[in-house]
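Structure file my_file20.cif; described as mmCIF, C-alpha atoms.
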data_entry
#
loop_
_atom_site.label_atom_id
_atom_site.label_comp_id
_atom_site.auth_asym_id
_atom_site.auth_seq_id
_atom_site.Cartn_x
_atom_site.Cartn_y
_atom_site.Cartn_z
CA MET P 25 141.54 110.95 78.11
CA GLY P 26 143.65 113.99 77.28
CA LYS P 27 143.50 115.09 80.91
CA ALA P 28 144.63 111.64 82.07
CA PHE P 29 147.52 111.70 79.59
CA LEU P 30 148.69 115.16 80.62
CA PHE P 31 148.19 114.63 84.35
CA GLY P 32 149.93 111.22 84.31
CA GLY P 33 152.78 112.80 82.34
CA PHE P 34 152.93 115.69 84.80
CA ILE P 35 153.38 113.23 87.69
CA ALA P 36 156.24 111.59 85.77
CA VAL P 37 157.85 115.02 85.29
CA VAL P 38 157.50 115.74 89.01
CA GLY P 39 159.07 112.32 89.70
CA GLN P 40 162.03 113.11 87.45
CA ALA P 41 162.42 116.53 89.08
CA LEU P 42 162.50 114.84 92.49
CA ILE P 43 165.17 112.38 91.32
CA ASP P 44 167.32 115.26 90.02
CA MET P 45 166.75 117.25 93.19
CA TYR P 46 167.75 114.37 95.46
CA SER P 47 170.86 113.54 93.42
CA ILE P 48 172.06 117.17 93.09
CA TRP P 49 171.19 118.52 96.54
CA PHE P 50 171.70 115.38 98.63
CA HIS P 51 174.46 113.76 96.50
CA MET P 52 172.54 110.49 96.13
CA ASN P 53 173.31 107.94 93.43
CA GLU P 54 170.51 107.25 90.93
CA ALA P 55 169.10 104.11 92.60
CA GLU P 56 168.92 105.86 95.93
CA ALA P 57 167.29 108.98 94.44
CA ILE P 58 164.64 106.84 92.72
CA ARG P 59 163.78 105.15 96.03
CA TRP P 60 163.44 108.54 97.71
CA MET P 61 161.30 109.86 94.84
CA ASN P 62 158.97 106.84 95.19
CA GLY P 63 158.77 107.36 98.92
CA THR P 64 157.99 111.06 98.55
CA LEU P 65 155.15 110.48 96.08
CA ILE P 66 153.71 107.65 98.19
CA VAL P 67 153.73 109.77 101.33
CA CYS P 68 152.12 112.64 99.40
CA ALA P 69 149.34 110.34 98.16
CA ALA P 70 148.73 109.05 101.68
CA ILE P 71 148.57 112.60 103.06
CA TRP P 72 146.18 113.71 100.31
CA THR P 73 143.86 110.78 101.01
CA PRO P 74 142.02 111.80 104.21
CA THR P 75 141.53 115.35 102.93
CA ARG P 76 139.78 113.86 99.85
CA LEU P 77 142.25 115.78 97.69
CA TYR P 78 143.37 112.55 96.03
CA ARG P 79 139.76 111.68 95.19
CA GLN P 80 139.26 115.09 93.61
CA PHE P 81 142.44 114.67 91.56
CA THR P 82 141.20 111.28 90.36
CA GLN P 83 137.78 112.60 89.44
CA PHE P 84 139.58 115.21 87.33
CA ALA P 85 142.40 113.14 85.84
CA GLY P 86 141.00 109.58 85.79
CA ALA P 87 143.63 107.03 84.83
CA GLY P 88 146.30 109.73 85.06
CA MET P 89 145.89 109.46 88.79
CA ILE P 90 144.88 105.78 89.10
CA VAL P 91 147.70 104.18 87.12
CA PRO P 92 150.74 105.73 88.91
CA MET P 93 151.83 103.76 91.97
CA MET P 94 150.60 106.64 94.15
CA SER P 95 147.19 105.07 93.70
CA LEU P 96 148.32 102.06 95.77
CA ALA P 97 149.10 104.32 98.71
CA ASN P 98 145.72 105.99 98.27
CA ILE P 99 143.77 102.71 98.16
CA TRP P 100 145.47 101.22 101.21
CA SER P 101 145.40 104.32 103.36
CA ALA P 102 141.77 104.98 102.36
CA SER P 103 140.79 101.43 103.34
CA ALA P 104 142.68 101.64 106.63
CA LEU P 105 141.04 104.98 107.44
CA GLU P 106 137.57 103.87 106.48
CA TYR P 107 137.65 100.73 108.63
CA ARG P 108 139.56 102.14 111.62
CA ASN P 109 136.59 101.34 113.88
CA GLU P 110 136.20 97.76 112.63
CA GLY P 111 139.87 96.73 112.39
CA ALA P 112 142.11 98.60 109.96
CA ALA P 113 144.56 95.72 109.35
CA GLU P 114 141.77 93.26 108.61
CA HIS P 115 140.14 95.46 105.97
CA MET P 116 143.18 97.27 104.58
CA LEU P 117 143.55 94.94 101.62
CA SER P 118 139.83 94.46 100.94
CA VAL P 119 139.97 96.75 97.91
CA GLY P 120 143.69 96.72 97.05
CA GLY P 121 144.33 93.01 97.75
CA SER P 122 143.83 92.08 94.12
CA ILE P 123 146.77 94.33 93.23
CA ILE P 124 149.10 92.33 95.49
CA VAL P 125 147.90 89.04 94.02
CA THR P 126 148.46 90.39 90.50
CA LEU P 127 151.94 91.65 91.43
CA VAL P 128 153.00 88.32 92.95
CA VAL P 129 151.67 86.26 90.05
CA ALA P 130 153.13 88.63 87.44
CA SER P 131 156.55 88.65 89.19
CA TYR P 132 156.58 84.86 89.29
CA VAL P 133 155.67 84.54 85.61
CA ALA P 134 158.28 87.15 84.67
CA SER P 135 160.92 85.37 86.76
CA LEU P 136 160.48 82.25 84.63
CA PHE P 137 161.82 84.11 81.61
CA LEU P 138 164.67 86.02 83.28
CA MET G 5 86.14 98.56 97.78
CA LYS G 6 89.57 99.84 98.78
CA LYS G 7 91.50 98.20 96.01
CA VAL G 8 91.02 99.74 92.58
CA GLY G 9 92.41 98.35 89.37
CA GLU G 10 95.43 96.11 89.72
CA GLN G 11 97.84 97.74 92.15
CA THR G 12 96.19 100.75 93.73
CA ILE G 13 94.61 101.33 97.14
CA VAL G 14 92.12 104.14 97.75
CA PHE G 15 91.88 104.83 101.46
CA ASP G 16 88.31 105.10 102.79
CA THR G 17 89.44 106.96 105.88
CA ASP G 18 90.97 110.41 105.57
CA ILE G 19 94.61 109.88 106.46
CA TYR G 20 96.69 112.94 107.25
CA ILE G 21 100.35 113.73 107.66
CA GLU G 22 100.18 115.18 111.16
CA SER G 23 103.74 116.41 111.39
CA VAL G 24 107.17 115.87 109.83
CA GLY G 25 110.82 116.20 110.78
CA THR G 26 113.89 116.41 108.55
CA VAL G 27 117.60 116.52 109.32
CA VAL G 28 120.37 116.68 106.71
CA GLY G 29 124.15 116.79 106.32
CA PRO G 30 126.46 119.59 105.14
CA LYS G 31 126.19 119.09 101.37
CA GLU G 32 122.39 119.11 101.47
CA ARG G 33 122.42 122.30 103.49
CA GLU G 34 124.60 124.00 100.89
CA GLY G 35 122.18 122.87 98.18
CA PRO G 36 119.30 124.90 96.77
CA LEU G 37 116.79 123.50 99.30
CA GLY G 38 119.15 124.01 102.26
CA SER G 39 116.96 126.44 104.16
CA SER G 40 113.84 124.26 104.04
CA PHE G 41 115.15 121.44 106.26
CA HIS G 42 114.48 121.51 110.00
CA ARG G 43 118.08 120.90 111.01
CA ALA G 44 121.44 120.51 109.25
CA TYR G 45 124.84 119.33 110.41
CA ASP G 46 128.09 121.03 109.38
CA ASP G 47 130.05 117.83 109.61
CA LEU G 48 129.40 114.51 107.87
CA TYR G 49 130.12 112.68 111.14
CA CYS G 50 127.29 114.57 112.89
CA ASP G 51 129.29 114.56 116.16
CA GLU G 52 129.52 110.75 116.14
CA GLN G 53 132.36 108.23 115.83
CA SER G 54 131.33 106.54 112.58
CA TRP G 55 129.15 107.03 109.51
CA GLU G 56 126.69 104.43 110.77
CA LEU G 57 126.28 106.11 114.15
CA ALA G 58 125.88 109.43 112.34
CA GLU G 59 123.05 107.98 110.27
CA ARG G 60 121.36 106.65 113.40
CA ARG G 61 121.56 110.11 114.95
CA LEU G 62 119.99 111.64 111.82
CA MET G 63 117.00 109.30 111.99
CA LYS G 64 116.63 109.75 115.74
CA GLU G 65 116.71 113.53 115.49
CA ALA G 66 114.23 113.58 112.63
CA ILE G 67 111.86 111.58 114.84
CA THR G 68 112.40 113.89 117.81
CA ILE G 69 111.69 116.95 115.66
CA CYS G 70 108.62 115.28 114.15
CA LEU G 71 107.18 114.35 117.56
CA THR G 72 107.95 117.81 118.95
CA ASN G 73 106.34 119.53 115.93
CA GLY G 74 103.23 117.40 116.35
CA ASP G 75 103.29 117.78 120.15
CA VAL G 76 102.99 114.02 120.45
CA GLN G 77 104.58 111.72 123.06
CA THR G 78 105.99 108.33 122.07
CA GLU G 79 103.30 106.67 124.21
CA ASP G 80 100.71 108.05 121.80
CA VAL G 81 102.31 106.31 118.83
CA ASP G 82 100.81 102.88 118.09
CA LEU G 83 103.31 101.71 115.53
CA PHE G 84 106.73 102.63 114.17
CA ILE G 85 107.51 101.69 110.57
CA ALA G 86 111.02 102.43 109.31
CA GLY G 87 113.78 101.27 107.03
CA ASP G 88 117.13 102.35 105.63
CA LEU G 89 119.90 101.25 103.29
CA LEU G 90 122.36 99.66 105.69
CA ASN G 91 122.64 95.87 105.94
CA GLN G 92 119.71 94.34 107.84
CA THR G 93 118.29 97.91 108.11
CA VAL G 94 120.29 98.37 111.31
CA THR G 95 119.65 102.09 111.59
CA ALA G 96 115.89 101.57 111.87
CA ASN G 97 116.34 98.57 114.20
CA TYR G 98 118.59 100.45 116.60
CA VAL G 99 116.39 103.54 116.60
CA ALA G 100 113.39 101.29 117.35
CA ARG G 101 115.32 99.82 120.30
CA GLU G 102 115.32 103.25 121.91
CA LEU G 103 111.81 104.28 120.92
CA ASP G 104 110.07 101.40 122.71
CA VAL G 105 107.11 101.40 120.30
CA PRO G 106 105.84 98.34 118.34
CA PHE G 107 108.05 98.23 115.26
CA LEU G 108 107.84 96.97 111.70
CA GLY G 109 110.98 97.16 109.58
CA VAL G 110 110.51 97.76 105.86
CA PHE G 111 112.93 97.83 102.97
CA SER G 112 112.61 98.72 99.34
CA ALA G 113 115.90 100.61 98.98
CA CYS G 114 115.36 104.28 98.15
CA SER G 115 111.58 103.85 97.86
CA THR G 116 111.38 102.81 101.52
CA ILE G 117 109.64 106.03 102.56
CA THR G 118 106.63 105.57 100.29
CA GLU G 119 106.46 101.88 101.23
CA ALA G 120 106.45 102.82 104.91
CA MET G 121 103.79 105.47 104.33
CA LEU G 122 101.49 103.21 102.37
CA VAL G 123 101.82 100.42 104.95
CA ALA G 124 101.15 102.95 107.71
CA ALA G 125 98.10 104.34 105.90
CA THR G 126 96.76 100.82 105.37
CA PHE G 127 97.10 100.10 109.09
CA ILE G 128 95.25 103.29 109.96
CA ASP G 129 92.58 102.74 107.33
CA GLY G 130 91.95 99.25 108.68
CA ALA G 131 91.74 100.65 112.23
CA PHE G 132 94.71 98.52 113.29
CA ALA G 133 96.53 101.64 114.47
CA ARG G 134 95.51 105.18 115.29
CA ARG G 135 98.79 106.95 114.89
CA VAL G 136 101.82 105.62 113.01
CA LEU G 137 105.33 107.02 112.93
CA VAL G 138 107.33 106.42 109.73
CA ALA G 139 111.01 107.17 109.29
CA THR G 140 113.92 106.60 106.96
CA SER G 141 117.52 107.68 106.61
CA SER G 142 120.65 107.39 104.50
CA HIS G 143 124.24 108.55 104.84
CA TYR G 144 126.75 109.26 102.08
CA GLY G 145 129.72 107.66 103.85
CA ALA G 146 127.90 104.60 105.14
CA ALA G 147 126.20 103.88 101.81
CA GLU G 148 129.32 104.58 99.78
CA ARG G 149 131.44 102.05 101.60
CA GLN G 150 128.71 99.43 101.74
CA PHE G 151 127.72 99.62 98.10
CA ARG G 152 130.87 100.95 96.42
CA PHE G 153 134.28 102.01 97.79
CA PRO G 154 135.63 103.72 100.90
CA THR G 155 134.90 107.44 100.65
CA THR G 156 138.52 108.57 100.24
CA ILE G 157 139.58 106.15 97.50
CA GLY G 158 140.35 107.83 94.21
CA VAL G 159 137.77 106.66 91.71
CA GLN G 160 136.44 108.48 88.70
CA LYS G 161 132.67 108.55 88.45
CA GLY G 162 130.67 109.21 85.33
CA GLU G 163 127.78 111.60 84.89
CA SER G 164 125.25 108.83 85.57
CA ALA G 165 126.54 108.24 89.11
CA SER G 166 124.58 109.58 92.04
CA TRP G 167 125.45 111.05 95.42
CA THR G 168 123.81 109.43 98.45
CA VAL G 169 121.88 112.02 100.44
CA THR G 170 122.89 112.34 104.08
CA GLY G 171 119.72 112.81 106.02
CA GLY G 172 116.92 111.49 108.13
CA ALA G 173 113.19 112.06 107.79
CA ALA G 174 110.18 111.16 109.89
CA ALA G 175 106.43 111.71 109.66
CA LEU G 176 103.40 111.01 111.81
CA LEU G 177 100.35 109.64 110.05
CA SER G 178 96.94 109.66 111.69
CA THR G 179 93.30 110.60 111.16
CA ILE G 180 93.78 113.93 112.89
CA ARG G 181 93.08 116.68 110.40
CA SER G 182 96.12 118.48 108.98
CA PRO G 183 96.84 120.39 105.74
CA PHE G 184 98.09 117.21 103.98
CA ARG G 185 95.88 114.24 103.15
CA MET G 186 97.02 110.92 101.71
CA ARG G 187 94.41 109.65 99.31
CA THR G 188 95.75 106.80 97.24
CA ALA G 189 98.81 104.60 96.95
CA THR G 190 100.07 102.36 94.17
CA ILE G 191 102.25 99.41 95.11
CA GLY G 192 104.97 98.84 92.54
CA ARG G 193 106.10 95.62 90.89
CA VAL G 194 109.76 94.69 90.65
CA ILE G 195 111.02 95.58 87.18
CA ASP G 196 114.43 94.55 85.84
CA SER G 197 115.65 96.44 82.81
CA GLY G 198 118.90 94.49 82.55
CA ILE G 199 121.30 97.15 83.86
CA THR G 200 124.35 95.79 85.73
CA ASP G 201 126.20 99.03 86.48
CA PRO G 202 125.62 100.22 90.08
CA LEU G 203 126.82 103.66 89.01
CA ASP G 204 123.89 103.97 86.62
CA MET G 205 120.95 103.46 88.96
CA GLY G 206 118.81 106.17 87.38
CA ARG G 207 118.54 104.21 84.17
CA ALA G 208 117.92 100.98 86.11
CA MET G 209 115.03 102.54 88.05
CA ALA G 210 113.33 104.64 85.36
CA PRO G 211 111.32 101.70 83.88
CA ALA G 212 110.02 100.84 87.38
CA ALA G 213 108.92 104.45 87.93
CA PHE G 214 107.26 104.46 84.51
CA ALA G 215 105.41 101.20 85.20
CA THR G 216 104.07 102.46 88.54
CA ILE G 217 103.02 105.86 87.16
CA ARG G 218 101.24 104.27 84.21
CA GLN G 219 99.52 101.75 86.46
CA HIS G 220 98.47 104.47 88.88
CA PHE G 221 96.74 106.45 86.14
CA ALA G 222 95.16 103.32 84.67
CA ASP G 223 93.88 102.09 88.06
CA CYS G 224 92.51 105.48 89.12
CA GLY G 225 91.20 106.43 85.68
CA LEU G 226 93.23 109.63 85.80
CA SER G 227 95.53 111.49 83.44
CA PRO G 228 98.75 113.33 84.45
CA GLU G 229 96.74 116.60 84.55
CA ALA G 230 95.11 115.36 87.77
CA TYR G 231 98.29 116.29 89.65
CA ASP G 232 100.02 119.62 89.99
CA VAL G 233 103.31 117.88 90.56
CA ILE G 234 104.55 114.40 89.72
CA VAL G 235 107.79 113.81 91.54
CA THR G 236 110.15 110.83 91.50
CA GLY G 237 112.53 109.97 94.30
CA ASP G 238 116.07 109.72 93.03
CA LEU G 239 116.22 109.05 89.30
CA GLY G 240 118.73 111.87 88.86
CA LYS G 241 119.30 113.69 85.58
CA VAL G 242 119.95 110.57 83.53
CA GLY G 243 117.04 108.56 84.95
CA SER G 244 114.65 111.52 84.70
CA SER G 245 115.23 112.03 81.02
CA GLU G 246 114.87 108.27 80.51
CA LEU G 247 111.50 108.36 82.35
CA LYS G 248 110.33 111.36 80.33
CA SER G 249 111.12 109.63 77.08
CA LEU G 250 109.38 106.42 78.24
CA CYS G 251 106.29 108.49 79.12
CA HIS G 252 106.48 110.36 75.85
CA ASP G 253 106.59 107.09 73.91
CA ALA G 254 103.50 105.93 75.79
CA ASN G 255 101.64 109.18 74.93
CA MET G 256 101.61 110.21 78.58
CA ASN G 257 102.75 113.79 78.86
CA ILE G 258 104.19 114.45 82.31
CA SER G 259 107.04 116.81 81.39
CA GLU G 260 105.45 120.11 82.51
CA ARG G 261 104.61 118.85 85.98
CA TYR G 262 107.48 116.44 86.48
CA ASN G 263 110.37 116.83 88.88
CA ASP G 264 112.90 114.63 90.64
CA CYS G 265 113.99 115.00 94.27
CA GLY G 266 117.53 113.87 93.39
CA VAL G 267 117.85 116.64 90.82
CA LEU G 268 116.35 119.28 93.14
CA ILE G 269 118.50 118.66 96.19
CA TYR G 270 121.92 119.62 94.75
CA ASP G 271 123.22 122.45 92.57
CA ALA G 272 125.07 121.83 89.34
CA GLU G 273 128.23 123.22 91.00
CA GLN G 274 128.13 120.72 93.86
CA GLN G 275 129.73 117.88 91.89
CA ALA G 276 126.91 115.48 92.70
CA PHE G 277 127.00 113.93 89.20
CA ALA G 278 123.44 112.96 88.16
CA GLY G 279 121.98 114.05 91.50
CA GLY G 280 121.05 112.77 94.94
CA SER G 281 119.97 109.24 95.82
CA GLY G 282 119.34 107.20 98.93
CA CYS G 283 116.36 106.59 101.21
CA ALA G 284 116.54 110.10 102.62
CA CYS G 285 116.55 111.82 99.21
CA CYS G 286 112.85 111.52 98.43
CA ALA G 287 111.84 111.75 102.09
CA VAL G 288 113.59 115.00 103.04
CA VAL G 289 112.63 116.76 99.81
CA MET G 290 109.00 115.65 100.02
CA TYR G 291 108.60 116.53 103.71
CA SER G 292 110.45 119.81 103.63
CA TYR G 293 110.17 121.34 100.19
CA PHE G 294 107.00 119.93 98.66
CA LEU G 295 104.84 119.94 101.80
CA GLU G 296 105.90 123.54 102.35
CA GLN G 297 104.81 124.35 98.79
CA MET G 298 101.49 122.75 99.63
CA ARG G 299 101.18 124.73 102.83
CA GLU G 300 101.82 127.91 100.84
CA LYS G 301 99.09 126.76 98.42
CA LYS G 302 101.45 126.75 95.45
CA ILE G 303 100.49 123.14 94.74
CA LYS G 304 97.33 121.28 95.60
CA THR G 305 97.95 117.71 94.55
CA MET G 306 101.08 115.68 94.06
CA LEU G 307 102.04 112.16 93.17
CA VAL G 308 105.23 111.02 94.87
CA VAL G 309 106.89 108.09 93.15
CA ALA G 310 109.90 106.96 95.19
CA THR G 311 112.20 104.61 93.30
CA GLY G 312 114.52 101.94 94.65
CA ALA G 313 117.30 99.81 93.16
CA LEU G 314 117.04 96.42 94.89
CA PHE G 315 120.63 95.19 94.70
CA ASN G 316 123.57 94.56 96.94
CA SER G 317 127.29 94.53 96.23
CA THR G 318 127.50 90.70 96.23
CA MET G 319 124.93 90.47 93.43
CA VAL G 320 126.78 93.13 91.46
CA LYS G 321 130.07 91.22 91.80
CA GLN G 322 128.29 88.12 90.49
CA ASN G 323 127.24 90.15 87.42
CA GLN G 324 123.55 89.97 88.27
CA THR G 325 121.29 92.64 86.82
CA ILE G 326 119.76 95.32 89.06
CA PRO G 327 116.02 94.98 89.74
CA ALA G 328 114.10 98.11 90.67
CA ILE G 329 110.81 99.09 92.26
CA ALA G 330 108.71 102.24 92.63
CA HIS G 331 105.85 102.86 95.06
CA ALA G 332 103.59 105.86 94.52
CA ILE G 333 101.52 107.85 96.99
CA ALA G 334 99.15 110.71 96.22
CA ILE G 335 99.03 113.63 98.64
CA GLU G 336 96.56 116.51 98.45
CA ALA G 337 96.31 119.81 100.25
CA VAL G 338 93.34 120.20 102.58
CA THR G 339 91.90 123.68 102.87
#
What is this file in structure tokens?
Amino acid sequence: MGKAFLFGGFIAVVGQALIDMYSIWFHMNEAEAIRWMNGTLIVCAAIWTPTRLYRQFTQFAGAGMIVPMMSLANIWSASALEYRNEGAAEHMLSVGGSIIVTLVVASYVASLFL
Amino acid sequence: MKKVGEQTIVFDTDIYIESVGTVVGPKEREGPLGSSFHRAYDDLYCDEQSWELAERRLMKEAITICLTNGDVQTEDVDLFIAGDLLNQTVTANYVARELDVPFLGVFSACSTITEAMLVAATFIDGAFARRVLVATSSHYGAAERQFRFPTTIGVQKGESASWTVTGGAAALLSTIRSPFRMRTATIGRVIDSGITDPLDMGRAMAPAAFATIRQHFADCGLSPEAYDVIVTGDLGKVGSSELKSLCHDANMNISERYNDCGVLIYDAEQQAFAGGSGCACCAVVMYSYFLEQMREKKIKTMLVVATGALFNSTMVKQNQTIPAIAHAIAIEAVT
């Protein structure tokens, strides 16, 4: 659990560093820098997927690597890769589909109170 | 009388393992038994386009090696008995398509090899076949995505999880004298110990292994001392210690002569969790490592108890418990 806590926290620190980097070096406003930070982490997760690096990170850090949104990129790219011979699009959401359903339902419920 | 006791068959005819063939993947080659297999691939894809095709190639090559080692043509084989883990045992079916030999498909998950061997021996003993080819295979990638998740998804596995062995194994059984004779076989019953976690198969299968071992000794009127080695298929570290404690509680001391193929096939550093599993696990270790030990006269008798978890992912999603089975065969060295 300690490893998950530290690793998850480390990802957050990297995220913050990316935001600062984008806003200082590329003169982005905060909202823009956050979008770029998200994009960078997602692309990293997708690149680490086929090399099984992401899997090794998860085995080490557990929830520290599963909870951040990078995990979404990992699940979808892993599914697409795995089923590339049988139809990537068809199977892409077979594991991660429940996340989309949860997101849609949760957003709807939250919208009722906002 | 061929049947003794409740579940055991004693073959009247001397049935021999004429020749064997084993092929494995990269992780198995890097393991402690790496040098004992006939052939190993560097790449998990085994020069094929998909995991399933790779598995088919493993089984096919194991058969080719086995036939070459025995100097036997396919025309001289009366019957082919095979099975594997993939849905509808497609690997065995597609290999049989190319072999053009009468074919019987068998399935009892990871205990398929001992099931195939005992069925083959029964055919030979009854004079329904002269020479029978048995084969089995499993593949890490193919099994992982069928039973669990795609291989690159980040999941954290506990110490009770197992690693599916990538490999194929084949053997020819006949009455032609060889150094290895199959004497008895005990057909297992399906035992359900109430486990629902597919990442804890060792614990789910240990009671089945225990039941078959106990029944074997009761039926044959033997004690564990009758065998130099008692080896289970793929209980792994967790399942093995569970089996040992079950045997200990039943006053049956097997510890000194007990081993597990799943524990033997990988090193502690290989991150294989509790150890190897899959149809190929017991088969490649038995045919390569243990038969070699027999050839070198280090062991004379062994009881092979292959264990299988009889579930599929649909049953697991419906929260059904995992039933298990174990079939035992006794092999002795002929001098």
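You can rank G:Ile157, G:Ala125, G:Ala174, G:Ala146 by their closest distance to P:Ser101 using only C-alpha atoms, and at the top of that list sits G:Ile157.
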Proximal residues of chain P relative to chain G (all atoms listed in the file; 9 Å) as number ranges by chain: P: 73-87, 89-90, 95, 98-103, 105-107, 109, 119
Residues within 9 Å of stretch 178-190 of chain G, all atoms listed in the file, excluding chain neighbours under 3 positions, as a ChimeraX atom specification: /G:10-23,118,121-122,124-125,128-129,133-137,216-217,219-220,223-224,295,298-299,309,330-339
Two-atom distance - atom CA of P:Ile43, atom CA of P:Ala69 (Å): 17.4 Å
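Computed from the coordinates, the atom CA of G:Thr170 to atom CA of G:Ile234 distance equals 23.4 Å.
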Resolved residues for the PyMOL selection byres ((chain G and resi 324) around 9) as number ranges by chain: G: 198-200, 315, 318-323, 325-326
Non-local contacts of stretch 46-53 of chain P (12 Å; all atoms listed in the file; under 6 positions in same chain excluded) as a list in words: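 In the requested format, the answer is Gly39, Gln40, Arg59, Trp60, Met61, Asn62, Gly63 and Thr64 of chain P.
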